[in-house]
file final_32.csv (CSV, C-alpha atoms)
chain,number,residue,atom,x,y,z
A,1,MET,CA,-7.9,-8.6,30.2
A,2,ASN,CA,-8.9,-6.5,27.2
A,3,ILE,CA,-8.5,-8.7,24.2
A,4,ASN,CA,-9.6,-8.1,20.7
A,5,LEU,CA,-11.7,-11.2,20.0
A,6,LEU,CA,-11.0,-11.0,16.3
A,7,THR,CA,-7.4,-11.9,17.0
A,8,ILE,CA,-8.3,-15.1,18.7
A,9,GLU,CA,-11.3,-16.2,16.6
A,10,GLY,CA,-11.3,-19.9,15.9
A,11,LEU,CA,-10.9,-23.3,17.6
A,12,TRP,CA,-8.6,-23.6,20.6
A,13,THR,CA,-7.6,-25.9,23.5
A,14,ALA,CA,-7.1,-24.1,26.8
A,15,GLU,CA,-3.4,-24.9,26.8
A,16,ILE,CA,-2.7,-23.6,23.3
A,17,LEU,CA,-4.7,-20.4,23.9
A,18,ALA,CA,-2.8,-19.9,27.2
A,19,GLU,CA,0.5,-20.2,25.2
A,20,GLU,CA,-0.8,-17.8,22.6
A,21,LEU,CA,-1.9,-15.2,25.1
A,22,GLY,CA,1.0,-15.7,27.5
A,23,TYR,CA,-1.4,-16.5,30.4
A,24,THR,CA,-1.4,-19.3,32.9
A,25,ARG,CA,-3.8,-22.2,32.2
A,26,GLN,CA,-6.1,-21.1,35.0
A,27,SER,CA,-6.3,-17.5,33.8
A,28,THR,CA,-7.2,-18.7,30.3
A,29,ILE,CA,-9.9,-21.0,31.7
A,30,ASN,CA,-11.3,-18.0,33.6
A,31,LEU,CA,-11.2,-15.9,30.5
A,32,LEU,CA,-13.0,-18.6,28.5
A,33,SER,CA,-15.6,-19.0,31.1
A,34,LYS,CA,-16.2,-15.2,31.1
A,35,LEU,CA,-16.5,-15.2,27.3
A,36,LYS,CA,-18.8,-18.2,27.4
A,37,LYS,CA,-21.2,-16.2,29.6
A,38,GLN,CA,-21.1,-13.4,27.1
A,39,GLY,CA,-22.0,-15.8,24.3
A,40,HIS,CA,-18.7,-15.6,22.5
A,41,VAL,CA,-17.5,-19.1,23.3
A,42,THR,CA,-18.9,-22.6,22.9
A,43,ALA,CA,-17.2,-25.7,24.2
A,44,ILE,CA,-17.0,-28.8,22.1
A,45,GLY,CA,-16.3,-32.4,23.4
A,46,ASN,CA,-15.9,-33.7,26.9
A,47,LYS,CA,-12.5,-35.3,27.4
A,48,LYS,CA,-10.3,-32.8,25.6
A,49,ARG,CA,-12.4,-29.7,25.3
A,50,LEU,CA,-12.1,-27.5,22.3
A,51,TYR,CA,-13.3,-23.9,22.5
A,52,LYS,CA,-14.8,-22.1,19.5
A,53,ILE,CA,-14.3,-18.4,19.9
A,54,THR,CA,-16.1,-15.8,17.8
A,55,ALA,CA,-16.2,-12.0,18.0
A,56,LYS,CA,-19.9,-12.1,17.3
A,57,LYS,CA,-22.2,-13.6,19.8
A,58,GLN,CA,-23.1,-17.3,19.1
A,59,LEU,CA,-26.9,-17.4,19.1
A,60,PRO,CA,-28.9,-20.6,19.6
A,61,ARG,CA,-30.2,-22.0,16.3
A,62,LYS,CA,-33.5,-23.4,15.3
A,63,PRO,CA,-33.3,-26.2,12.7
A,64,GLY,CA,-34.3,-25.4,9.2
A,65,LEU,CA,-34.2,-26.9,5.7
A,66,TYR,CA,-30.5,-27.7,5.5
A,67,ASP,CA,-30.5,-29.2,9.0
A,68,ILE,CA,-33.2,-31.6,8.1
A,69,LEU,CA,-31.6,-32.5,4.7
A,70,ASN,CA,-28.2,-33.1,6.4
A,71,LYS,CA,-29.7,-35.1,9.2
A,72,TYR,CA,-31.2,-37.7,6.9
A,73,ASN,CA,-28.2,-37.7,4.5
A,74,PRO,CA,-25.3,-38.4,6.7
A,75,ASN,CA,-23.1,-39.4,3.7
A,76,PHE,CA,-24.3,-36.7,1.4
A,77,GLN,CA,-24.0,-33.4,3.2
A,78,ILE,CA,-25.0,-30.0,1.8
A,79,MET,CA,-23.2,-26.8,2.4
A,80,PRO,CA,-26.0,-24.3,3.2
A,81,PRO,CA,-25.9,-21.2,0.9
A,82,TYR,CA,-27.4,-19.3,3.8
A,83,ASP,CA,-28.5,-20.0,7.3
A,84,HIS,CA,-32.1,-21.2,7.2
A,85,GLN,CA,-34.0,-21.3,10.5
A,86,ALA,CA,-37.6,-22.0,11.1
A,87,HIS,CA,-39.2,-20.7,14.3
A,88,TYR,CA,-42.2,-23.0,14.2
A,89,ASN,CA,-43.0,-26.7,14.0
A,90,TYR,CA,-40.9,-27.2,10.9
A,91,GLN,CA,-41.0,-30.9,9.8
A,92,VAL,CA,-39.8,-33.1,7.0
A,93,GLU,CA,-43.0,-32.3,5.0
A,94,ASN,CA,-42.1,-28.5,5.1
A,95,ALA,CA,-38.5,-29.2,4.2
A,96,LEU,CA,-39.5,-31.3,1.2
A,97,VAL,CA,-41.7,-28.6,-0.2
A,98,ASP,CA,-39.0,-25.9,0.4
A,99,ALA,CA,-36.3,-28.1,-1.1
A,100,VAL,CA,-38.2,-28.5,-4.4
A,101,GLN,CA,-38.5,-24.7,-4.7
A,102,THR,CA,-34.7,-24.3,-4.5
A,103,LYS,CA,-34.2,-25.9,-8.0
A,104,ASN,CA,-30.8,-26.9,-6.7
A,105,PHE,CA,-29.4,-30.2,-8.0
A,106,ARG,CA,-27.8,-31.4,-4.8
A,107,VAL,CA,-30.7,-30.3,-2.7
A,108,LEU,CA,-33.1,-32.2,-4.9
A,109,LEU,CA,-30.9,-35.3,-4.7
A,110,ALA,CA,-30.9,-35.0,-0.9
A,111,THR,CA,-34.7,-34.9,-0.8
A,112,LEU,CA,-34.9,-38.5,-1.9
A,113,LYS,CA,-33.9,-39.8,1.6
A,114,LEU,CA,-36.7,-37.7,3.2
A,115,PHE,CA,-39.5,-39.9,1.8
A,116,ASN,CA,-38.8,-42.5,4.4
A,117,HIS,CA,-39.6,-40.0,7.1
A,118,ILE,CA,-42.9,-38.6,5.9
A,119,LYS,CA,-45.5,-39.1,8.6
A,120,ASN,CA,-48.2,-36.8,7.4
A,121,TRP,CA,-49.0,-37.2,3.7
A,122,LYS,CA,-52.1,-35.0,4.0
A,123,LYS,CA,-50.0,-32.1,5.3
A,124,LEU,CA,-47.4,-32.7,2.5
A,125,TYR,CA,-50.1,-32.8,-0.1
A,126,ALA,CA,-51.7,-29.6,1.2
A,127,LEU,CA,-48.4,-27.7,1.4
A,128,ALA,CA,-47.4,-28.9,-2.1
A,129,LYS,CA,-50.7,-28.0,-3.7
A,130,GLU,CA,-50.6,-24.5,-2.2
A,131,ILE,CA,-47.6,-23.7,-4.3
A,132,ASP,CA,-48.2,-26.1,-7.1
A,133,VAL,CA,-45.3,-28.5,-6.7
A,134,TRP,CA,-47.2,-31.8,-6.1
A,135,GLN,CA,-46.2,-33.0,-9.6
A,136,GLU,CA,-42.5,-32.6,-8.7
A,137,ILE,CA,-42.9,-34.2,-5.3
A,138,GLY,CA,-44.8,-37.2,-6.8
A,139,ALA,CA,-42.0,-37.7,-9.4
A,140,LEU,CA,-39.3,-37.4,-6.7
A,141,TYR,CA,-41.1,-40.0,-4.6
A,142,ASP,CA,-41.2,-42.5,-7.5
A,143,VAL,CA,-37.5,-42.0,-8.1
A,144,ALA,CA,-36.8,-42.4,-4.4
A,145,LYS,CA,-38.9,-45.6,-4.4
A,146,LEU,CA,-36.6,-47.2,-7.0
A,147,PHE,CA,-33.4,-46.8,-4.9
A,148,PHE,CA,-34.3,-46.2,-1.2
A,149,ARG,CA,-36.7,-47.4,1.5
A,150,VAL,CA,-39.7,-45.0,1.5
A,151,ARG,CA,-43.0,-44.8,3.4
A,152,LYS,CA,-45.9,-45.7,1.3
A,153,MET,CA,-47.8,-42.8,-0.3
A,154,PRO,CA,-51.6,-43.3,0.0
A,155,GLU,CA,-53.1,-44.2,-3.4
A,156,LYS,CA,-55.5,-41.3,-3.4
A,157,TYR,CA,-52.6,-38.9,-3.8
A,158,ARG,CA,-51.3,-40.8,-6.9
A,159,LYS,CA,-54.5,-40.5,-8.9
A,160,ASN,CA,-53.9,-37.0,-10.3
A,161,LYS,CA,-53.5,-36.6,-14.0
A,162,PHE,CA,-51.3,-33.8,-15.3
A,163,LYS,CA,-51.1,-32.0,-18.6
A,164,LYS,CA,-48.5,-29.4,-18.2
A,165,TRP,CA,-44.8,-30.5,-18.3
A,166,LYS,CA,-42.5,-29.4,-15.5
A,167,TYR,CA,-38.8,-29.4,-14.9
A,168,LEU,CA,-37.2,-30.1,-11.5
A,169,ILE,CA,-34.3,-28.0,-12.8
A,170,LEU,CA,-35.1,-25.8,-15.8
A,171,THR,CA,-34.0,-27.2,-19.1
A,172,TYR,CA,-32.5,-30.4,-17.5
A,173,LYS,CA,-34.3,-33.2,-19.4
A,174,THR,CA,-34.6,-36.9,-18.5
A,175,LYS,CA,-31.6,-38.8,-19.9
A,176,GLU,CA,-31.9,-42.2,-18.1
A,177,LEU,CA,-34.4,-44.7,-19.6
A,178,ILE,CA,-35.2,-46.0,-16.2
A,179,PHE,CA,-37.0,-42.8,-15.3
A,180,ASN,CA,-39.2,-42.7,-18.5
A,181,SER,CA,-42.3,-44.2,-16.9
A,182,ILE,CA,-42.0,-41.8,-13.9
A,183,LYS,CA,-41.5,-38.9,-16.3
A,184,GLU,CA,-44.6,-39.8,-18.3
A,185,LYS,CA,-46.8,-40.4,-15.2
A,186,TRP,CA,-46.0,-37.1,-13.5
A,187,LYS,CA,-45.1,-35.1,-16.5
A,188,VAL,CA,-41.9,-34.1,-14.9
A,189,GLN,CA,-38.4,-34.2,-16.3
A,190,ILE,CA,-36.0,-36.1,-14.1
A,191,PRO,CA,-32.5,-34.5,-14.2
A,192,PHE,CA,-30.6,-37.3,-12.3
A,193,LYS,CA,-28.2,-39.8,-13.7
A,194,LEU,CA,-27.7,-43.2,-12.1
A,195,GLY,CA,-24.3,-42.2,-10.8
A,196,ASP,CA,-25.8,-39.3,-8.9
A,197,LEU,CA,-28.1,-41.6,-7.1
A,198,ARG,CA,-25.2,-43.9,-6.2
A,199,LYS,CA,-23.6,-41.0,-4.5
A,200,VAL,CA,-26.6,-40.5,-2.2
A,201,LYS,CA,-27.0,-44.2,-1.6
A,202,TYR,CA,-23.6,-45.4,-0.8
A,203,VAL,CA,-21.2,-44.4,2.0
A,204,ASN,CA,-18.2,-42.3,0.9
A,205,SER,CA,-18.7,-42.8,-2.9
B,1,MET,CA,-35.3,-1.5,23.5
B,2,LEU,CA,-35.8,-4.8,21.7
B,3,THR,CA,-33.7,-7.8,22.5
B,4,HIS,CA,-33.1,-10.7,20.1
B,5,ASP,CA,-35.6,-12.9,22.0
B,6,ASP,CA,-38.2,-10.0,22.0
B,7,GLN,CA,-37.7,-9.7,18.3
B,8,LEU,CA,-38.3,-13.4,17.7
B,9,SER,CA,-41.4,-13.4,19.9
B,10,LEU,CA,-42.8,-10.3,18.2
B,11,LEU,CA,-42.3,-11.8,14.7
B,12,LYS,CA,-44.0,-15.0,15.8
B,13,LEU,CA,-46.9,-13.0,17.1
B,14,ILE,CA,-47.1,-11.0,13.9
B,15,SER,CA,-46.9,-14.2,11.8
B,16,LYS,CA,-49.9,-15.6,13.6
B,17,GLN,CA,-52.0,-12.6,12.6
B,18,LEU,CA,-51.1,-12.8,8.9
B,19,LYS,CA,-53.7,-14.0,6.4
B,20,LYS,CA,-51.2,-14.8,3.7
B,21,ASN,CA,-47.5,-15.6,3.2
B,22,ILE,CA,-45.2,-12.6,3.2
B,23,THR,CA,-41.5,-12.3,2.5
B,24,CYS,CA,-39.5,-9.2,3.6
B,25,TYR,CA,-35.9,-8.2,4.1
B,26,ALA,CA,-34.3,-7.2,7.5
B,27,PHE,CA,-31.5,-4.7,7.2
B,28,GLY,CA,-31.2,-2.5,10.4
B,29,GLY,CA,-30.3,-3.2,14.0
B,30,ASN,CA,-32.7,-6.1,13.9
B,31,ALA,CA,-30.6,-7.7,11.2
B,32,MET,CA,-27.5,-7.1,13.3
B,33,MET,CA,-29.1,-9.0,16.1
B,34,PHE,CA,-29.6,-12.0,13.8
B,35,TYR,CA,-25.8,-12.0,13.3
B,36,GLY,CA,-25.1,-11.6,17.0
B,37,TYR,CA,-23.4,-8.2,16.5
B,38,LYS,CA,-25.5,-6.6,19.1
B,39,ALA,CA,-27.9,-7.6,21.9
B,40,GLU,CA,-30.6,-5.0,21.5
B,41,THR,CA,-32.0,-2.4,19.1
B,42,LYS,CA,-34.3,0.5,19.0
B,43,ASP,CA,-36.2,-0.4,15.9
B,44,VAL,CA,-37.0,-3.2,13.4
B,45,ASP,CA,-36.3,-2.2,9.8
B,46,LEU,CA,-38.1,-4.2,7.2
B,47,LEU,CA,-38.3,-3.9,3.4
B,48,PHE,CA,-41.3,-5.3,1.5
B,49,GLU,CA,-41.4,-6.0,-2.2
B,50,THR,CA,-45.0,-5.0,-2.7
B,51,ILE,CA,-47.4,-2.6,-1.2
B,52,GLU,CA,-49.9,-5.4,-0.7
B,53,ASP,CA,-47.4,-7.3,1.5
B,54,ARG,CA,-46.7,-4.2,3.6
B,55,ASP,CA,-50.5,-3.5,4.0
B,56,GLU,CA,-51.1,-7.1,5.1
B,57,PHE,CA,-48.2,-6.7,7.6
B,58,ILE,CA,-49.6,-3.4,8.9
B,59,LYS,CA,-53.1,-5.0,9.4
B,60,ALA,CA,-51.4,-7.6,11.6
B,61,ILE,CA,-49.4,-5.2,13.7
B,62,LYS,CA,-52.4,-2.9,14.2
B,63,VAL,CA,-54.2,-5.9,15.8
B,64,LEU,CA,-51.3,-6.1,18.2
B,65,GLY,CA,-51.7,-2.5,19.2
B,66,PHE,CA,-49.1,-0.8,17.1
B,67,GLN,CA,-50.0,2.8,16.0
B,68,GLN,CA,-48.5,4.9,13.2
B,69,SER,CA,-45.9,7.4,14.4
B,70,SER,CA,-44.0,10.2,12.9
B,71,PRO,CA,-40.6,9.8,11.3
B,72,ILE,CA,-39.7,13.4,12.1
B,73,ASN,CA,-36.6,13.5,14.4
B,74,VAL,CA,-35.6,10.0,13.3
B,75,TYR,CA,-34.5,10.7,9.8
B,76,VAL,CA,-32.8,13.8,8.4
B,77,PRO,CA,-35.2,16.3,6.8
B,78,GLU,CA,-34.0,15.7,3.2
B,79,LYS,CA,-34.7,12.0,3.5
B,80,LEU,CA,-38.2,12.7,4.8
B,81,LYS,CA,-39.0,14.4,1.5
B,82,ASP,CA,-38.4,11.2,-0.4
B,83,LYS,CA,-41.5,9.4,-1.5
B,84,HIS,CA,-39.9,6.0,-0.4
B,85,LYS,CA,-39.6,7.0,3.2
B,86,PRO,CA,-40.8,4.4,5.6
B,87,LEU,CA,-44.1,4.1,7.4
B,88,MET,CA,-43.3,4.0,11.1
B,89,PHE,CA,-45.3,2.2,13.8
B,90,SER,CA,-44.7,2.1,17.5
B,91,ARG,CA,-46.0,0.4,20.6
B,92,GLN,CA,-44.3,1.5,23.8
B,93,ASP,CA,-40.6,0.7,23.4
B,94,TYR,CA,-40.9,-1.1,20.1
B,95,ARG,CA,-40.7,0.7,16.7
B,96,LEU,CA,-41.1,-0.8,13.2
B,97,ASP,CA,-39.9,1.1,10.1
B,98,LEU,CA,-41.6,-0.4,7.1
B,99,PHE,CA,-40.2,0.4,3.6
B,100,VAL,CA,-41.7,-0.8,0.4
B,101,LYS,CA,-39.8,-1.4,-2.9
B,102,LYS,CA,-37.1,1.0,-2.0
B,103,ILE,CA,-35.2,2.3,1.0
B,104,PHE,CA,-35.3,6.0,0.1
B,105,ARG,CA,-33.6,5.9,-3.3
B,106,THR,CA,-32.0,2.5,-2.9
B,107,LYS,CA,-33.4,-0.4,-4.8
B,108,LEU,CA,-33.5,-4.0,-3.7
B,109,SER,CA,-30.6,-5.2,-5.9
B,110,PRO,CA,-30.4,-8.6,-7.4
B,111,LYS,CA,-27.4,-9.4,-5.1
B,112,MET,CA,-29.5,-8.4,-2.1
B,113,LYS,CA,-32.1,-11.0,-3.2
B,114,GLU,CA,-29.6,-13.7,-4.0
B,115,ASP,CA,-26.8,-13.4,-1.5
B,116,LYS,CA,-28.8,-13.6,1.7
B,117,PHE,CA,-27.0,-14.2,5.1
B,118,ALA,CA,-30.0,-16.0,6.6
B,119,VAL,CA,-33.6,-16.8,6.3
B,120,HIS,CA,-35.8,-16.9,9.4
B,121,GLU,CA,-39.3,-18.4,8.8
B,122,PHE,CA,-42.2,-17.8,11.1
B,123,GLU,CA,-45.0,-19.8,9.4
B,124,LYS,CA,-46.5,-17.1,7.3
B,125,LEU,CA,-43.7,-14.6,7.6
B,126,ARG,CA,-40.3,-15.1,5.9
B,127,ILE,CA,-37.5,-12.7,6.9
B,128,ASN,CA,-34.5,-12.6,4.7
B,129,VAL,CA,-31.5,-11.2,6.5
B,130,LEU,CA,-29.2,-9.2,4.2
B,131,ARG,CA,-25.4,-9.7,3.9
B,132,LYS,CA,-23.2,-7.6,6.2
B,133,GLU,CA,-21.9,-5.6,3.2
B,134,HIS,CA,-25.5,-4.6,2.4
B,135,LEU,CA,-26.1,-3.8,6.0
B,136,VAL,CA,-23.2,-1.4,6.0
B,137,TYR,CA,-24.3,0.1,2.7
B,138,LEU,CA,-27.8,0.7,3.9
B,139,LYS,CA,-26.7,2.1,7.3
B,140,GLY,CA,-24.4,4.4,5.3
B,141,ILE,CA,-27.3,5.9,3.4
B,142,THR,CA,-30.0,6.0,6.1
B,143,ASN,CA,-27.9,8.5,8.1
B,144,ARG,CA,-29.7,8.0,11.4
B,145,GLN,CA,-28.3,8.6,14.8
B,146,ASN,CA,-26.3,5.5,15.8
B,147,ASP,CA,-26.0,4.2,12.2
B,148,PHE,CA,-22.3,5.1,12.1
B,149,ASP,CA,-21.7,3.4,15.4
B,150,ASP,CA,-23.4,0.3,14.1
B,151,ILE,CA,-21.1,0.3,11.0
B,152,ARG,CA,-18.1,0.6,13.3
B,153,LEU,CA,-19.5,-2.3,15.4
B,154,ILE,CA,-19.9,-4.5,12.3
B,155,LEU,CA,-16.4,-3.9,11.1
B,156,SER,CA,-14.9,-4.4,14.6
B,157,LYS,CA,-16.5,-7.9,14.6
B,158,GLU,CA,-15.7,-9.0,11.1
B,159,LYS,CA,-12.4,-10.3,9.8
B,160,ASN,CA,-13.8,-10.8,6.3
B,161,PHE,CA,-15.5,-7.7,5.1
B,162,ASP,CA,-15.6,-7.8,1.3
B,163,TRP,CA,-14.9,-4.2,0.3
B,164,ASN,CA,-15.0,-5.0,-3.4
B,165,TYR,CA,-18.5,-6.5,-3.0
B,166,PHE,CA,-19.5,-3.4,-1.1
B,167,ILE,CA,-18.1,-0.9,-3.7
B,168,GLU,CA,-19.8,-2.9,-6.5
B,169,GLU,CA,-23.1,-2.5,-4.7
B,170,VAL,CA,-22.6,1.3,-4.3
B,171,LEU,CA,-21.8,1.6,-8.0
B,172,TRP,CA,-24.8,-0.6,-9.0
B,173,GLN,CA,-27.1,1.6,-7.0
B,174,ASP,CA,-25.6,4.7,-8.5
B,175,SER,CA,-26.1,3.3,-12.0
B,176,GLN,CA,-29.7,2.7,-11.1
B,177,GLY,CA,-30.3,6.3,-10.3
B,178,ASP,CA,-29.7,6.4,-6.5
B,179,THR,CA,-28.1,9.9,-6.6
B,180,TRP,CA,-27.3,9.8,-2.9
B,181,ALA,CA,-25.4,6.6,-3.0
B,182,LEU,CA,-22.0,7.9,-4.0
B,183,MET,CA,-22.1,11.0,-1.8
B,184,ASP,CA,-23.4,9.4,1.3
B,185,ILE,CA,-21.0,6.4,1.1
B,186,GLU,CA,-18.0,8.6,0.3
B,187,LYS,CA,-18.8,10.7,3.4
B,188,MET,CA,-19.3,7.7,5.5
B,189,LEU,CA,-16.1,6.1,4.3
B,190,LYS,CA,-14.1,9.2,5.0
B,191,GLU,CA,-15.4,9.3,8.6
B,192,LEU,CA,-14.8,5.6,8.9
B,193,LYS,CA,-11.2,5.9,7.8
B,194,GLU,CA,-10.4,7.5,11.2
B,195,TYR,CA,-11.1,4.1,12.8
B,196,VAL,CA,-10.7,1.4,10.2
B,197,PHE,CA,-8.0,0.9,7.5
B,198,ILE,CA,-9.7,1.3,4.1
B,199,GLU,CA,-7.5,0.9,1.0
B,200,GLU,CA,-7.2,4.0,-1.2
B,201,LYS,CA,-8.2,2.0,-4.3
B,202,TYR,CA,-11.8,1.8,-3.1
B,203,PHE,CA,-12.1,5.5,-2.9
B,204,LYS,CA,-10.5,5.7,-6.3
B,205,ARG,CA,-13.2,3.4,-7.7
B,206,LEU,CA,-15.9,5.7,-6.4
B,207,TYR,CA,-14.2,8.8,-7.8
B,208,ASP,CA,-13.5,7.1,-11.2
B,209,SER,CA,-17.1,6.1,-11.6
B,210,LYS,CA,-18.1,9.8,-11.7
B,211,LYS,CA,-15.6,10.8,-14.4
call {"tool": "encode", "arguments": {"input": "final_32.csv", "output": "structure tokens"}}
result
Amino acid sequence: MNINLLTIEGLWTAEILAEELGYTRQSTINLLSKLKKQGHVTAIGNKKRLYKITAKKQLPRKPGLYDILNKYNPNFQIMPPYDHQAHYNYQVENALVDAVQTKNFRVLLATLKLFNHIKNWKKLYALAKEIDVWQEIGALYDVAKLFFRVRKMPEKYRKNKFKKWKYLILTYKTKELIFNSIKEKWKVQIPFKLGDLRKVKYVNS
Amino acid sequence: MLTHDDQLSLLKLISKQLKKNITCYAFGGNAMMFYGYKAETKDVDLLFETIEDRDEFIKAIKVLGFQQSSPINVYVPEKLKDKHKPLMFSRQDYRLDLFVKKIFRTKLSPKMKEDKFAVHEFEKLRINVLRKEHLVYLKGITNRQNDFDDIRLILSKEKNFDWNYFIEEVLWQDSQGDTWALMDIEKMLKELKEYVFIEEKYFKRLYDSKK
């Protein structure tokens, strides 16, 4: 059975693939099993199995930034611009710091839900200080606190005074009055509007 | 030969030896393994943006027992005269080709930086994997044994190869002074035409750019 895998790339059931190839169901299942061993097939579901076939080998993934953002934002999913994988103990704290650096509007909105899952404030502070984004993270935390459940940030990390103004996204200034105090405290411009936050907060809006 | 798992383990080990954060770009057979195009490769090709980053990387691999080796017999003689040829390090079956700033005359283009396929992080080491069009371009200009086979392999596993994007990269590199870009790629495309359908318009764009 020499088949050009490019011609059968995609999602299949065993029956439909058998019909397409002109094989019996059993031959098709044997073929799928062989391709699965070679890494070209993954099976999805239990009752009615779907088979995802690719010409390239399907490699196991390690979770990265977008996996964490999407895990904690089930109703506000982000399409990753590239496949980010971290081959070490990559946690919410790492994801938050990486997310701020993307300067991407949707990614920044998605970070707000992460503050309820911060376990190690010391680690977050150290990571953020290393690349000088603590101001931005502090401001995002205060925005998140207004709309979502968050874990309490220890007071010692809130005492910093900042002089230099920063943008979460370059040239996007604060437009909502509700964010003015946060803007002044952290010297960070908040680009969000209330409607944006509603999208993150409410299901299917 | 280096398998995908070997590569991940090696990069993890290197990362543990690094004293500062380093970003580099993968573009050879090792990048093809990140895609799942092939199961093993002879070498790991990496491009660094600064000499300092490459030096730090070299310090780390020396601790792991890698020693500098000669690029003779790996690259064609005319490439070896180029000042941007790689530093090569080997340890038994593993070989690392380390470029800095340029891959021979090819610059790290803005599109290579922006349109990554993947980012693999290993604590202090960040590997950006280039897009398949860039992989084919760079394999087209490095001219090593097996590079042509790798190009055929990529194209045999990809439905959506963006030829327009590929040609734009060639023309950009040519405009930046890579005098080999057009010649090498035209030669590669002509050979490739024997195996893959390539529309004539793409050749025309290459020829027109020289008028």
call {"tool": "residues_around", "arguments": {"input": "final_32.csv", "residues": "Arg131 in chain B", "least_positions_apart": "3", "cutoff": "9 Å", "atoms": "only C-alpha atoms", "output": "VMD selection string"}}
result
chain B and resid 27 112 115 to 118 134 to 136
call {"tool": "atom_distance", "arguments": {"input": "final_32.csv", "atom1": "CA of Glu133 in chain B", "atom2": "CA of Phe104 in chain B"}}
result
18.0 Å
call {"tool": "interface_residues", "arguments": {"input": "final_32.csv", "of": "chain B", "to": "chain A", "cutoff": "6 Å", "atoms": "all atoms listed in the file", "output": "list of chain:residue names"}}
result
B:Gly36, B:Tyr37, B:Phe117, B:Ala118, B:Val119, B:His120, B:Glu121, B:Phe122, B:Lys157
call {"tool": "atom_distance", "arguments": {"input": "final_32.csv", "atom1": "CA of Leu124 in chain A", "atom2": "CA of Lys164 in chain A"}}
result
21.0 Å
call {"tool": "atom_distance", "arguments": {"input": "final_32.csv", "atom1": "CA of Lys201 in chain B", "atom2": "CA of Ile167 in chain B"}}
result
10.3 Å
call {"tool": "residues_around", "arguments": {"input": "final_32.csv", "residues": "Asp5 in chain B", "least_positions_apart": "4", "cutoff": "10 Å", "atoms": "all atoms listed in the file", "output": "number ranges by chain"}}
result
B: 9-11, 33, 39-40
call {"tool": "residues_around", "arguments": {"input": "final_32.csv", "residues": "Ser15 in chain B", "least_positions_apart": "6", "cutoff": "7 Å", "atoms": "all atoms listed in the file", "output": "MDAnalysis selection string"}}
result
chainID B and resid 122:125
call {"tool": "residues_around", "arguments": {"input": "final_32.csv", "residues": "Phe105 in chain A", "least_positions_apart": "2", "cutoff": "12 Å", "atoms": "all atoms listed in the file", "output": "ChimeraX atom specification"}}
result
/A:78,99-103,107-112,167-170,172,190-193,196-197
call {"tool": "build_atoms", "arguments": {"input": "final_32.csv", "residues": "range 117-129 of chain B", "atoms": "N, CA and C atoms", "output": "JSON list (two decimals), in the frame of the given file"}}
result
[["chain", "number", "residue", "atom", "x", "y", "z"],
["B", 117, "PHE", "N", -27.81, -13.59, 3.97],
["B", 117, "PHE", "CA", -27.00, -14.20, 5.10],
["B", 117, "PHE", "C", -27.85, -15.28, 5.74],
["B", 118, "ALA", "N", -29.13, -14.99, 5.94],
["B", 118, "ALA", "CA", -30.00, -16.00, 6.60],
["B", 118, "ALA", "C", -31.42, -15.80, 6.24],
["B", 119, "VAL", "N", -32.18, -16.88, 6.44],
["B", 119, "VAL", "CA", -33.60, -16.80, 6.30],
["B", 119, "VAL", "C", -34.27, -17.32, 7.55],
["B", 120, "HIS", "N", -35.11, -16.50, 8.15],
["B", 120, "HIS", "CA", -35.80, -16.90, 9.40],
["B", 120, "HIS", "C", -37.30, -17.02, 9.02],
["B", 121, "GLU", "N", -37.85, -18.21, 9.18],
["B", 121, "GLU", "CA", -39.30, -18.40, 8.80],
["B", 121, "GLU", "C", -40.13, -18.49, 10.07],
["B", 122, "PHE", "N", -41.24, -17.78, 10.02],
["B", 122, "PHE", "CA", -42.20, -17.80, 11.10],
["B", 122, "PHE", "C", -43.58, -18.15, 10.50],
["B", 123, "GLU", "N", -43.77, -19.37, 10.11],
["B", 123, "GLU", "CA", -45.00, -19.80, 9.40],
["B", 123, "GLU", "C", -45.36, -18.99, 8.23],
["B", 124, "LYS", "N", -46.06, -17.88, 8.43],
["B", 124, "LYS", "CA", -46.50, -17.10, 7.30],
["B", 124, "LYS", "C", -45.55, -15.94, 6.95],
["B", 125, "LEU", "N", -44.59, -15.73, 7.80],
["B", 125, "LEU", "CA", -43.70, -14.60, 7.60],
["B", 125, "LEU", "C", -42.26, -15.12, 7.38],
["B", 126, "ARG", "N", -41.67, -14.67, 6.27],
["B", 126, "ARG", "CA", -40.30, -15.10, 5.90],
["B", 126, "ARG", "C", -39.42, -13.88, 5.95],
["B", 127, "ILE", "N", -38.42, -13.90, 6.82],
["B", 127, "ILE", "CA", -37.50, -12.70, 6.90],
["B", 127, "ILE", "C", -36.17, -13.10, 6.31],
["B", 128, "ASN", "N", -35.80, -12.41, 5.24],
["B", 128, "ASN", "CA", -34.50, -12.60, 4.70],
["B", 128, "ASN", "C", -33.53, -11.58, 5.29],
["B", 129, "VAL", "N", -32.45, -12.07, 5.85],
["B", 129, "VAL", "CA", -31.50, -11.20, 6.50],
["B", 129, "VAL", "C", -30.37, -10.88, 5.47]]
